[in-house]
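Everything below belongs to my_file.cif, which stores mmCIF, C-alpha atoms.
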```
data_my_file
loop_
_atom_site.label_atom_id
_atom_site.label_comp_id
_atom_site.auth_asym_id
_atom_site.auth_seq_id
_atom_site.Cartn_x
_atom_site.Cartn_y
_atom_site.Cartn_z
CA MET A 1 -8.79 -24.95 -17.11
CA LYS A 2 -7.37 -23.27 -14.01
CA GLU A 3 -5.45 -20.00 -14.24
CA SER A 4 -1.91 -20.12 -12.88
CA ILE A 5 -1.49 -17.35 -10.31
CA LEU A 6 1.86 -16.21 -8.97
CA VAL A 7 1.39 -14.62 -5.54
CA LEU A 8 4.35 -12.52 -4.43
CA PHE A 9 4.70 -11.72 -0.72
CA GLY A 10 7.24 -10.67 1.90
CA GLY A 11 9.68 -8.25 0.30
CA GLN A 12 12.46 -5.96 1.41
CA SER A 13 10.34 -3.13 2.78
CA SER A 14 9.59 -2.22 6.39
CA GLU A 15 6.16 -3.79 5.83
CA HIS A 16 7.49 -7.32 5.27
CA GLU A 17 5.55 -8.79 8.20
CA VAL A 18 2.31 -7.08 7.17
CA SER A 19 2.71 -8.59 3.71
CA LEU A 20 2.94 -12.09 5.24
CA LYS A 21 -0.42 -11.51 6.94
CA SER A 22 -2.00 -10.08 3.78
CA ALA A 23 -0.78 -12.97 1.62
CA THR A 24 -2.11 -15.47 4.15
CA THR A 25 -5.57 -13.88 3.94
CA ILE A 26 -5.58 -13.63 0.15
CA ILE A 27 -4.29 -17.13 -0.62
CA ASN A 28 -6.66 -18.73 1.87
CA HIS A 29 -9.57 -16.96 0.14
CA MET A 30 -8.57 -17.85 -3.43
CA ASP A 31 -10.94 -20.10 -5.35
CA THR A 32 -8.90 -23.26 -5.88
CA ASP A 33 -11.44 -24.49 -8.42
CA LYS A 34 -10.46 -21.54 -10.63
CA PHE A 35 -6.85 -20.86 -9.68
CA GLU A 36 -3.61 -22.83 -9.41
CA ILE A 37 -1.58 -20.94 -6.79
CA TYR A 38 2.18 -20.51 -6.80
CA PRO A 39 3.23 -18.61 -3.63
CA VAL A 40 6.65 -16.99 -3.90
CA GLY A 41 8.05 -15.29 -0.83
CA ILE A 42 10.76 -12.64 -1.06
CA THR A 43 13.06 -12.54 1.96
CA LYS A 44 14.23 -9.34 3.57
CA GLU A 45 17.55 -9.90 1.78
CA GLY A 46 15.76 -10.12 -1.57
CA LYS A 47 15.85 -13.86 -2.24
CA TRP A 48 12.85 -15.33 -4.09
CA LEU A 49 11.55 -18.69 -2.83
CA LEU A 50 8.70 -20.83 -4.12
CA TYR A 51 6.76 -22.38 -1.23
CA THR A 52 5.25 -25.82 -1.91
CA GLY A 53 4.07 -26.77 1.58
CA ASN A 54 0.50 -27.23 2.81
CA ASN A 55 0.55 -24.74 5.71
CA LEU A 56 -0.57 -21.52 4.05
CA ASP A 57 -0.11 -19.32 7.11
CA PHE A 58 3.00 -17.39 6.10
CA THR A 59 3.32 -15.85 9.54
CA ALA A 60 3.78 -19.33 11.05
CA ASN A 61 5.20 -21.69 8.43
CA ARG A 62 8.87 -22.11 7.47
CA TRP A 63 8.70 -20.76 3.93
CA GLN A 64 12.14 -19.11 4.20
CA GLU A 65 13.74 -22.44 5.16
CA VAL A 66 11.95 -24.86 2.83
CA GLY A 67 11.31 -22.63 -0.19
CA ILE A 68 12.88 -23.45 -3.54
CA PRO A 69 14.75 -20.64 -5.34
CA ALA A 70 12.58 -19.27 -8.16
CA VAL A 71 12.34 -16.04 -10.15
CA LEU A 72 9.86 -14.42 -12.50
CA SER A 73 11.47 -14.28 -15.92
CA PRO A 74 11.26 -10.93 -17.75
CA ASP A 75 11.28 -12.88 -21.02
CA ALA A 76 7.89 -12.15 -22.60
CA THR A 77 8.12 -15.25 -24.81
CA THR A 78 8.06 -17.61 -21.82
CA LYS A 79 5.77 -15.81 -19.32
CA SER A 80 7.17 -18.08 -16.67
CA LEU A 81 8.23 -18.59 -13.12
CA VAL A 82 11.66 -20.20 -13.34
CA VAL A 83 12.34 -22.73 -10.57
CA LEU A 84 16.05 -23.18 -9.87
CA LYS A 85 16.70 -26.53 -8.24
CA GLU A 86 20.29 -27.46 -7.38
CA GLU A 87 22.04 -29.66 -9.93
CA GLU A 88 18.90 -29.85 -12.07
CA PRO A 89 17.84 -27.97 -15.20
CA PRO A 90 15.56 -24.96 -14.57
CA VAL A 91 11.85 -25.71 -14.53
CA TYR A 92 9.56 -23.22 -16.30
CA ILE A 93 6.03 -22.80 -14.90
CA ARG A 94 3.68 -20.86 -17.15
CA ILE A 95 2.06 -17.97 -15.25
CA ASP A 96 -1.23 -16.39 -16.32
CA LYS A 97 -1.45 -13.59 -13.72
CA VAL A 98 0.56 -12.10 -10.88
CA PHE A 99 -0.89 -10.94 -7.56
CA PRO A 100 1.82 -8.76 -5.96
CA VAL A 101 0.91 -8.79 -2.26
CA LEU A 102 3.88 -6.55 -1.49
CA HIS A 103 3.47 -3.40 0.57
CA GLY A 104 5.85 -0.45 0.49
CA ARG A 105 9.17 -0.25 -1.32
CA ASN A 106 9.92 -2.70 -4.13
CA GLY A 107 6.31 -3.80 -4.10
CA GLU A 108 3.82 -1.01 -4.64
CA ASP A 109 6.20 1.56 -6.10
CA GLY A 110 6.17 0.38 -9.71
CA THR A 111 9.23 -1.87 -9.57
CA VAL A 112 7.48 -5.26 -9.54
CA GLN A 113 4.83 -3.87 -11.86
CA GLY A 114 7.58 -3.02 -14.34
CA LEU A 115 8.88 -6.59 -14.17
CA CYS A 116 5.38 -7.92 -14.91
CA LYS A 117 5.06 -5.58 -17.88
CA LEU A 118 8.40 -6.77 -19.25
CA ALA A 119 7.18 -10.35 -18.89
CA GLU A 120 3.82 -9.33 -20.44
CA ILE A 121 1.92 -11.03 -17.63
CA PRO A 122 -1.23 -9.29 -16.35
CA PHE A 123 -1.06 -8.28 -12.69
CA VAL A 124 -3.41 -7.14 -9.97
CA GLY A 125 -3.41 -3.45 -9.16
CA CYS A 126 -2.08 -0.18 -10.51
CA GLY A 127 0.45 0.12 -13.30
CA VAL A 128 4.01 1.42 -13.16
CA LEU A 129 3.20 5.14 -13.29
CA ALA A 130 0.22 5.03 -10.94
CA SER A 131 2.14 2.90 -8.45
CA ALA A 132 5.21 5.13 -8.50
CA VAL A 133 3.26 8.39 -8.25
CA SER A 134 1.02 7.08 -5.46
CA MET A 135 3.95 5.71 -3.48
CA ASP A 136 5.58 9.14 -3.49
CA LYS A 137 3.35 11.26 -1.25
CA ALA A 138 4.77 14.50 -2.66
CA PHE A 139 4.07 13.60 -6.29
CA THR A 140 0.63 12.35 -5.28
CA LYS A 141 -0.15 15.81 -3.92
CA ILE A 142 1.03 17.48 -7.12
CA VAL A 143 -1.08 15.20 -9.33
CA VAL A 144 -4.20 15.33 -7.13
CA LYS A 145 -4.02 19.12 -6.94
CA GLU A 146 -4.94 19.26 -10.63
CA LYS A 147 -8.28 17.63 -9.76
CA GLY A 148 -9.08 20.32 -7.21
CA VAL A 149 -9.32 17.88 -4.30
CA PRO A 150 -8.61 19.77 -1.03
CA GLN A 151 -5.43 18.72 0.79
CA ALA A 152 -3.08 19.93 3.51
CA ASP A 153 -0.35 22.48 2.79
CA PHE A 154 3.12 20.95 2.66
CA VAL A 155 6.84 21.57 2.40
CA LEU A 156 9.47 19.19 1.00
CA VAL A 157 12.85 18.67 2.65
CA TYR A 158 15.64 16.75 0.94
CA GLU A 159 18.45 14.91 2.68
CA ARG A 160 21.09 17.19 1.17
CA GLU A 161 19.40 20.23 2.77
CA MET A 162 20.01 18.92 6.29
CA LYS A 163 23.63 20.05 6.05
CA ASN A 164 22.13 23.33 7.23
CA ALA A 165 19.40 22.33 9.67
CA ASP A 166 18.69 25.91 10.77
CA GLN A 167 17.94 26.89 7.19
CA VAL A 168 15.55 23.97 6.86
CA VAL A 169 13.79 24.94 10.09
CA ALA A 170 13.41 28.49 8.83
CA LYS A 171 11.92 27.24 5.55
CA VAL A 172 9.37 25.06 7.30
CA GLU A 173 8.45 27.58 9.98
CA GLY A 174 8.03 30.23 7.28
CA ALA A 175 5.44 28.13 5.44
CA PHE A 176 2.91 27.48 8.24
CA GLY A 177 2.81 27.07 11.98
CA TYR A 178 3.33 24.19 14.41
CA PRO A 179 2.48 21.40 14.91
CA TYR A 180 3.69 19.53 11.81
CA PHE A 181 3.31 16.01 10.56
CA ILE A 182 6.58 14.65 9.20
CA LYS A 183 6.56 11.73 6.74
CA PRO A 184 9.05 9.96 4.51
CA ALA A 185 7.83 10.72 0.99
CA ASN A 186 8.18 7.06 0.00
CA ALA A 187 7.13 4.71 2.78
CA GLY A 188 3.90 2.92 3.51
CA SER A 189 1.81 1.94 6.51
CA SER A 190 2.66 5.05 8.55
CA VAL A 191 6.32 4.03 8.91
CA GLY A 192 8.71 6.80 9.97
CA ILE A 193 5.96 9.33 10.68
CA SER A 194 6.13 11.73 13.61
CA LYS A 195 4.53 14.92 14.88
CA ALA A 196 6.55 18.00 15.78
CA HIS A 197 5.45 20.68 18.22
CA ASN A 198 8.75 22.60 18.31
CA LYS A 199 12.11 23.01 16.57
CA GLU A 200 13.79 20.11 18.39
CA GLU A 201 10.99 17.69 17.50
CA LEU A 202 11.01 18.99 13.92
CA ILE A 203 14.70 18.21 13.43
CA ALA A 204 14.38 14.83 15.17
CA GLY A 205 11.35 13.97 13.06
CA ILE A 206 13.11 14.86 9.81
CA LEU A 207 16.12 12.74 10.76
CA GLU A 208 13.84 9.82 11.61
CA ALA A 209 12.00 10.14 8.29
CA LEU A 210 15.33 10.28 6.44
CA LYS A 211 16.07 6.76 7.71
CA HIS A 212 13.34 5.61 5.31
CA ASP A 213 13.75 7.98 2.35
CA THR A 214 15.90 10.83 1.04
CA LYS A 215 12.87 13.11 0.69
CA VAL A 216 10.62 14.20 3.56
CA LEU A 217 7.10 15.59 3.39
CA ILE A 218 6.16 18.06 6.11
CA GLU A 219 2.45 18.86 6.33
CA GLU A 220 0.31 21.25 8.28
CA THR A 221 -1.64 19.48 11.00
CA ILE A 222 -5.24 18.80 10.11
CA ILE A 223 -7.52 18.30 13.11
CA GLY A 224 -10.25 15.95 12.04
CA ARG A 225 -11.63 12.45 11.93
CA GLU A 226 -9.60 9.93 9.94
CA VAL A 227 -11.74 8.17 7.35
CA GLU A 228 -11.03 5.73 4.54
CA THR A 229 -12.76 4.36 1.49
CA ALA A 230 -11.88 1.53 -0.90
CA VAL A 231 -11.86 1.43 -4.69
CA LEU A 232 -12.24 -1.65 -6.91
CA GLY A 233 -12.12 -2.02 -10.67
CA ASN A 234 -10.86 -0.52 -13.91
CA GLY A 235 -12.54 2.43 -15.60
CA ASP A 236 -16.03 2.47 -14.10
CA VAL A 237 -14.89 1.68 -10.56
CA GLN A 238 -16.82 0.62 -7.47
CA VAL A 239 -16.27 2.76 -4.39
CA SER A 240 -17.09 1.27 -0.99
CA GLY A 241 -18.72 2.99 1.93
CA VAL A 242 -16.73 5.20 4.28
CA GLY A 243 -14.98 3.73 7.31
CA GLU A 244 -13.36 5.52 10.22
CA ILE A 245 -10.12 5.02 12.14
CA LEU A 246 -10.24 5.48 15.92
CA ALA A 247 -6.52 5.54 16.71
CA ALA A 248 -5.36 4.66 20.22
CA ALA A 249 -2.32 6.90 19.78
CA GLU A 250 -2.13 10.60 18.89
CA PHE A 251 -2.10 9.54 15.26
CA TYR A 252 -2.44 6.29 13.34
CA ASP A 253 1.22 5.26 13.05
CA PHE A 254 2.52 1.73 12.36
CA ASP A 255 2.39 0.70 16.02
CA ALA A 256 -1.11 2.06 16.55
CA LYS A 257 -2.28 0.30 13.38
CA TYR A 258 -0.88 -3.17 13.96
CA ASN A 259 0.20 -3.51 17.59
CA ASN A 260 -2.20 -1.48 19.73
CA ALA A 261 -5.41 -3.36 20.49
CA GLU A 262 -7.06 -0.11 21.57
CA SER A 263 -7.10 1.17 17.97
CA LYS A 264 -10.46 0.56 16.34
CA THR A 265 -11.89 0.61 12.84
CA VAL A 266 -15.52 1.36 12.06
CA VAL A 267 -16.76 0.27 8.63
CA ASP A 268 -19.70 2.71 8.56
CA ALA A 269 -18.60 6.10 9.82
CA ASN A 270 -21.24 8.18 11.59
CA LEU A 271 -21.21 11.05 9.12
CA ASP A 272 -23.79 13.08 7.24
CA PRO A 273 -24.73 11.17 4.05
CA ALA A 274 -23.79 14.18 1.91
CA ILE A 275 -20.28 14.20 3.39
CA LYS A 276 -19.92 10.48 2.71
CA GLU A 277 -20.94 10.96 -0.90
CA GLN A 278 -18.44 13.80 -1.30
CA ILE A 279 -15.68 11.60 0.14
CA ARG A 280 -16.57 8.85 -2.33
CA ALA A 281 -16.59 11.37 -5.19
CA TYR A 282 -13.18 12.69 -4.16
CA ALA A 283 -11.92 9.09 -3.99
CA ARG A 284 -12.95 8.58 -7.62
CA ASP A 285 -11.18 11.83 -8.54
CA VAL A 286 -7.97 10.78 -6.81
CA PHE A 287 -8.02 7.30 -8.37
CA GLU A 288 -8.61 8.84 -11.79
CA ALA A 289 -5.90 11.47 -11.26
CA VAL A 290 -3.19 8.87 -10.66
CA GLU A 291 -4.62 6.60 -13.41
CA GLY A 292 -5.36 3.88 -10.88
CA LYS A 293 -6.39 0.32 -11.71
CA GLY A 294 -7.82 -2.58 -9.77
CA ILE A 295 -7.33 -1.74 -6.12
CA SER A 296 -6.67 1.21 -3.83
CA ARG A 297 -7.60 2.55 -0.42
CA ILE A 298 -7.95 6.32 -0.23
CA ASP A 299 -7.76 8.20 3.06
CA PHE A 300 -9.21 11.55 4.11
CA PHE A 301 -9.75 13.78 7.12
CA VAL A 302 -13.14 15.26 7.98
CA LYS A 303 -12.84 18.49 9.94
CA GLU A 304 -15.33 19.68 12.53
CA ASP A 305 -16.94 22.04 10.03
CA GLY A 306 -17.55 19.11 7.65
CA SER A 307 -14.83 20.02 5.18
CA ILE A 308 -12.90 17.11 3.67
CA ILE A 309 -9.11 16.94 3.26
CA PHE A 310 -7.38 14.29 1.14
CA ASN A 311 -4.62 12.48 3.05
CA GLU A 312 -3.14 9.72 0.86
CA ILE A 313 -3.75 6.82 -1.50
CA ASN A 314 -2.47 3.29 -0.94
CA THR A 315 -2.37 1.24 -4.15
CA LEU A 316 -1.68 -2.11 -2.44
CA PRO A 317 -3.47 -1.74 0.89
CA GLY A 318 -3.22 -4.22 3.72
CA PHE A 319 -5.34 -7.33 3.40
CA THR A 320 -5.09 -8.61 6.97
CA SER A 321 -7.98 -9.53 9.24
CA ILE A 322 -7.99 -5.97 10.60
CA SER A 323 -7.41 -4.16 7.29
CA MET A 324 -9.97 -1.63 6.17
CA TYR A 325 -9.93 -2.53 2.47
CA PRO A 326 -11.49 -6.02 2.72
CA MET A 327 -13.63 -4.96 5.70
CA LEU A 328 -15.23 -2.13 3.71
CA PHE A 329 -16.14 -4.40 0.82
CA ASN A 330 -17.32 -7.13 3.19
CA ALA A 331 -19.67 -4.52 4.70
CA ALA A 332 -20.84 -3.60 1.20
CA GLY A 333 -21.84 -7.20 0.54
CA THR A 334 -18.71 -8.54 -1.17
CA PRO A 335 -17.16 -11.38 0.86
CA THR A 336 -13.37 -11.70 0.79
CA ARG A 337 -13.37 -14.79 -1.44
CA GLU A 338 -15.43 -12.96 -4.08
CA LEU A 339 -13.32 -9.82 -3.65
CA VAL A 340 -10.08 -11.73 -4.33
CA THR A 341 -11.62 -13.29 -7.44
CA LYS A 342 -12.75 -9.88 -8.70
CA LEU A 343 -9.26 -8.44 -8.17
CA LEU A 344 -7.76 -11.24 -10.24
CA ASP A 345 -10.42 -10.74 -12.91
CA PHE A 346 -9.38 -7.06 -13.10
CA ALA A 347 -5.68 -7.96 -13.55
CA SER A 348 -4.18 -6.16 -16.54
CA LEU A 349 -0.93 -4.98 -18.05
#
```

In structure tokens, write the structure found in this file.
Amino acid sequence: MKESILVLFGGQSSEHEVSLKSATTIINHMDTDKFEIYPVGITKEGKWLLYTGNNLDFTANRWQEVGIPAVLSPDATTKSLVVLKEEEPPVYIRIDKVFPVLHGRNGEDGTVQGLCKLAEIPFVGCGVLASAVSMDKAFTKIVVKEKGVPQADFVLVYEREMKNADQVVAKVEGAFGYPYFIKPANAGSSVGISKAHNKEELIAGILEALKHDTKVLIEETIIGREVETAVLGNGDVQVSGVGEILAAAEFYDFDAKYNNAESKTVVDANLDPAIKEQIRAYARDVFEAVEGKGISRIDFFVKEDGSIIFNEINTLPGFTSISMYPMLFNAAGTPTRELVTKLLDFASL
């Protein structure tokens, strides 16, 4: 008997379009002999729509126009997707597992995971706590620090503090020197990130980051190669090889990642084997520190002297044709179809 899989995509975050690409990849690699697929797109306004068409390219089809209103019920006794057709009684579709292909806010921050837990339906990926902690870059740093994984120094700036910008500048400049990387604490896919070389750029960068969150992380600049590794499983996890990002821009922001053809990804970074093994060990430590489950991509810097600096963890990484997560496991001998099946097998509450 097939398992009924609810695939959630789209969402209200700044990564809505990336989610459409990820969902297209995942659904088109799902084993239809094992799974009955129910794709539900969430519009940028927050409306949930069940798509029943045959064109499973969500970047090209008209899912927003032809979708039928539907919601996941939090009622644990029904474990159902509730389809709401006009002038008809609601239709309840039993759901066995949820695959939340939602990047960023209201997707990988614990909110959807909490809904799944209320409904008592197993879901792919990290739980509520791990998702929330990993989404917040500042809390991630605090948790990971306990594992002794090296990371960049940082300062936090809150929106309320910007009433006195000079005081904020003094706080940051007193911690460590320019240049700084400025990031919204809660935003994915390099959205709202900038680099500041002076006071004017620092203030502008903070204000830009505050468009995406009320808390801003300001880090010392780490000069090094940007590398990534992927984690799969629960408990005794599988860690992929180490890939490298060759950004076309000064740093790997949203535009460099998705819109600049000059940016490259290498699935087998040219690094000393001992450094690769240390990166993979640190990745396990980070995943364990946040109590991760199922899926994550974990990013590091490798400095010229070979030292390794943890950058961040992404608990619902991109699954597009250019995304490092599936590419790393493909390179390790796990094709995307098998990878998607494994992720669903690891689904849990």

Please evaluate the PyMOL selection byres ((chain A and resi 50-65) around 6) against the structure above and give the resulting residues as a ChimeraX atom specification. /A:20,24,39-40,49,66-68,70

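Shortest separation to A:Val18 among A:Ile322, A:Ala289, A:Val169, A:Ile218 occurs at residue A:Ile322, atoms counted being only C-alpha atoms.
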
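Of note, atom CA of A:Ile279 and atom CA of A:Pro184 are spaced 25.2 Å apart.
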
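The set of protein, DNA and RNA residues with any counted atom at most 9 Å from (4.8, 20.1, 7.8) (all atoms listed in the file) reads Ala152, Asp153, Phe154, Val155, Leu156, Val172, Glu173, Ala175, Phe176, Gly177, Tyr178, Pro179, Tyr180, Phe181, Ile182, Lys183, Lys195, Ala196, Leu202, Leu217, Ile218, Glu219, Glu220 and Thr221 of chain A.
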
When the PyMOL selection byres ((chain A and resi 225) around 8) is applied to the structure above, which residues does it catch, written out as an MDAnalysis selection string? chainID A and resid 223:224 226:227 244:245 301:303

Could you tell me which residues the PyMOL selection byres ((chain A and resi 127) around 12) returns for this structure, as a PDB file with C-alpha atoms, in the frame of the given file?
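Printed below is selection.pdb as written:
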```pdb
ATOM      1  CA  PRO A 100       1.820  -8.760  -5.960  1.00  0.00           C
ATOM      2  CA  GLY A 107       6.310  -3.800  -4.100  1.00  0.00           C
ATOM      3  CA  GLU A 108       3.820  -1.010  -4.640  1.00  0.00           C
ATOM      4  CA  ASP A 109       6.200   1.560  -6.100  1.00  0.00           C
ATOM      5  CA  GLY A 110       6.170   0.380  -9.710  1.00  0.00           C
ATOM      6  CA  THR A 111       9.230  -1.870  -9.570  1.00  0.00           C
ATOM      7  CA  VAL A 112       7.480  -5.260  -9.540  1.00  0.00           C
ATOM      8  CA  GLN A 113       4.830  -3.870 -11.860  1.00  0.00           C
ATOM      9  CA  GLY A 114       7.580  -3.020 -14.340  1.00  0.00           C
ATOM     10  CA  LEU A 115       8.880  -6.590 -14.170  1.00  0.00           C
ATOM     11  CA  CYS A 116       5.380  -7.920 -14.910  1.00  0.00           C
ATOM     12  CA  LYS A 117       5.060  -5.580 -17.880  1.00  0.00           C
ATOM     13  CA  PRO A 122      -1.230  -9.290 -16.350  1.00  0.00           C
ATOM     14  CA  PHE A 123      -1.060  -8.280 -12.690  1.00  0.00           C
ATOM     15  CA  VAL A 124      -3.410  -7.140  -9.970  1.00  0.00           C
ATOM     16  CA  GLY A 125      -3.410  -3.450  -9.160  1.00  0.00           C
ATOM     17  CA  CYS A 126      -2.080  -0.180 -10.510  1.00  0.00           C
ATOM     18  CA  VAL A 128       4.010   1.420 -13.160  1.00  0.00           C
ATOM     19  CA  LEU A 129       3.200   5.140 -13.290  1.00  0.00           C
ATOM     20  CA  ALA A 130       0.220   5.030 -10.940  1.00  0.00           C
ATOM     21  CA  SER A 131       2.140   2.900  -8.450  1.00  0.00           C
ATOM     22  CA  ALA A 132       5.210   5.130  -8.500  1.00  0.00           C
ATOM     23  CA  VAL A 133       3.260   8.390  -8.250  1.00  0.00           C
ATOM     24  CA  SER A 134       1.020   7.080  -5.460  1.00  0.00           C
ATOM     25  CA  MET A 135       3.950   5.710  -3.480  1.00  0.00           C
ATOM     26  CA  ASN A 234     -10.860  -0.520 -13.910  1.00  0.00           C
ATOM     27  CA  VAL A 290      -3.190   8.870 -10.660  1.00  0.00           C
ATOM     28  CA  GLU A 291      -4.620   6.600 -13.410  1.00  0.00           C
ATOM     29  CA  GLY A 292      -5.360   3.880 -10.880  1.00  0.00           C
ATOM     30  CA  LYS A 293      -6.390   0.320 -11.710  1.00  0.00           C
ATOM     31  CA  GLY A 294      -7.820  -2.580  -9.770  1.00  0.00           C
ATOM     32  CA  ILE A 295      -7.330  -1.740  -6.120  1.00  0.00           C
ATOM     33  CA  SER A 296      -6.670   1.210  -3.830  1.00  0.00           C
ATOM     34  CA  THR A 315      -2.370   1.240  -4.150  1.00  0.00           C
ATOM     35  CA  LEU A 316      -1.680  -2.110  -2.440  1.00  0.00           C
ATOM     36  CA  ALA A 347      -5.680  -7.960 -13.550  1.00  0.00           C
ATOM     37  CA  SER A 348      -4.180  -6.160 -16.540  1.00  0.00           C
ATOM     38  CA  LEU A 349      -0.930  -4.980 -18.050  1.00  0.00           C
TER      39      LEU A 349
END
```

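Ranking A:Val286, A:Val101, A:Leu232, A:Ile308 by their shortest atom-to-atom distance to A:Val7, with all atoms listed in the file included, puts A:Val101 first.
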
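Near A:Asn270, within 9 Å and counting all atoms listed in the file, sit A:Gly243, A:Glu244, A:Val266, A:Asp268, A:Asp272, A:Pro273; same-chain residues fewer than 2 positions away were not included.
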
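The two atoms in question, atom CA of A:Asp75 and atom CA of A:Asp96, are spaced 13.8 Å apart.
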
Nearest to A:Arg337 among A:Phe319, A:Gly306, A:Ile222, A:Gly10, with distances taken over all atoms listed in the file: which residue is it? A:Phe319

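Across the structure, atom CA of A:Lys147 and atom CA of A:Asp305 are spaced 22.0 Å apart.
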
Determine the nearest neighbour of A:Lys276 from the options A:Ala247, A:Ile298, A:Thr229, A:Asn330, counting all atoms listed in the file. A:Thr229

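Nearest residue to A:Ile5, choosing from A:Leu246, A:Ala76, A:Ile95, A:Ile27 and counting only C-alpha atoms: A:Ile95.
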
Shell around A:Gly318 at 8 Å using all atoms listed in the file, local window under 5 positions removed, as a ChimeraX atom specification: /A:18-19,22,103,323-325
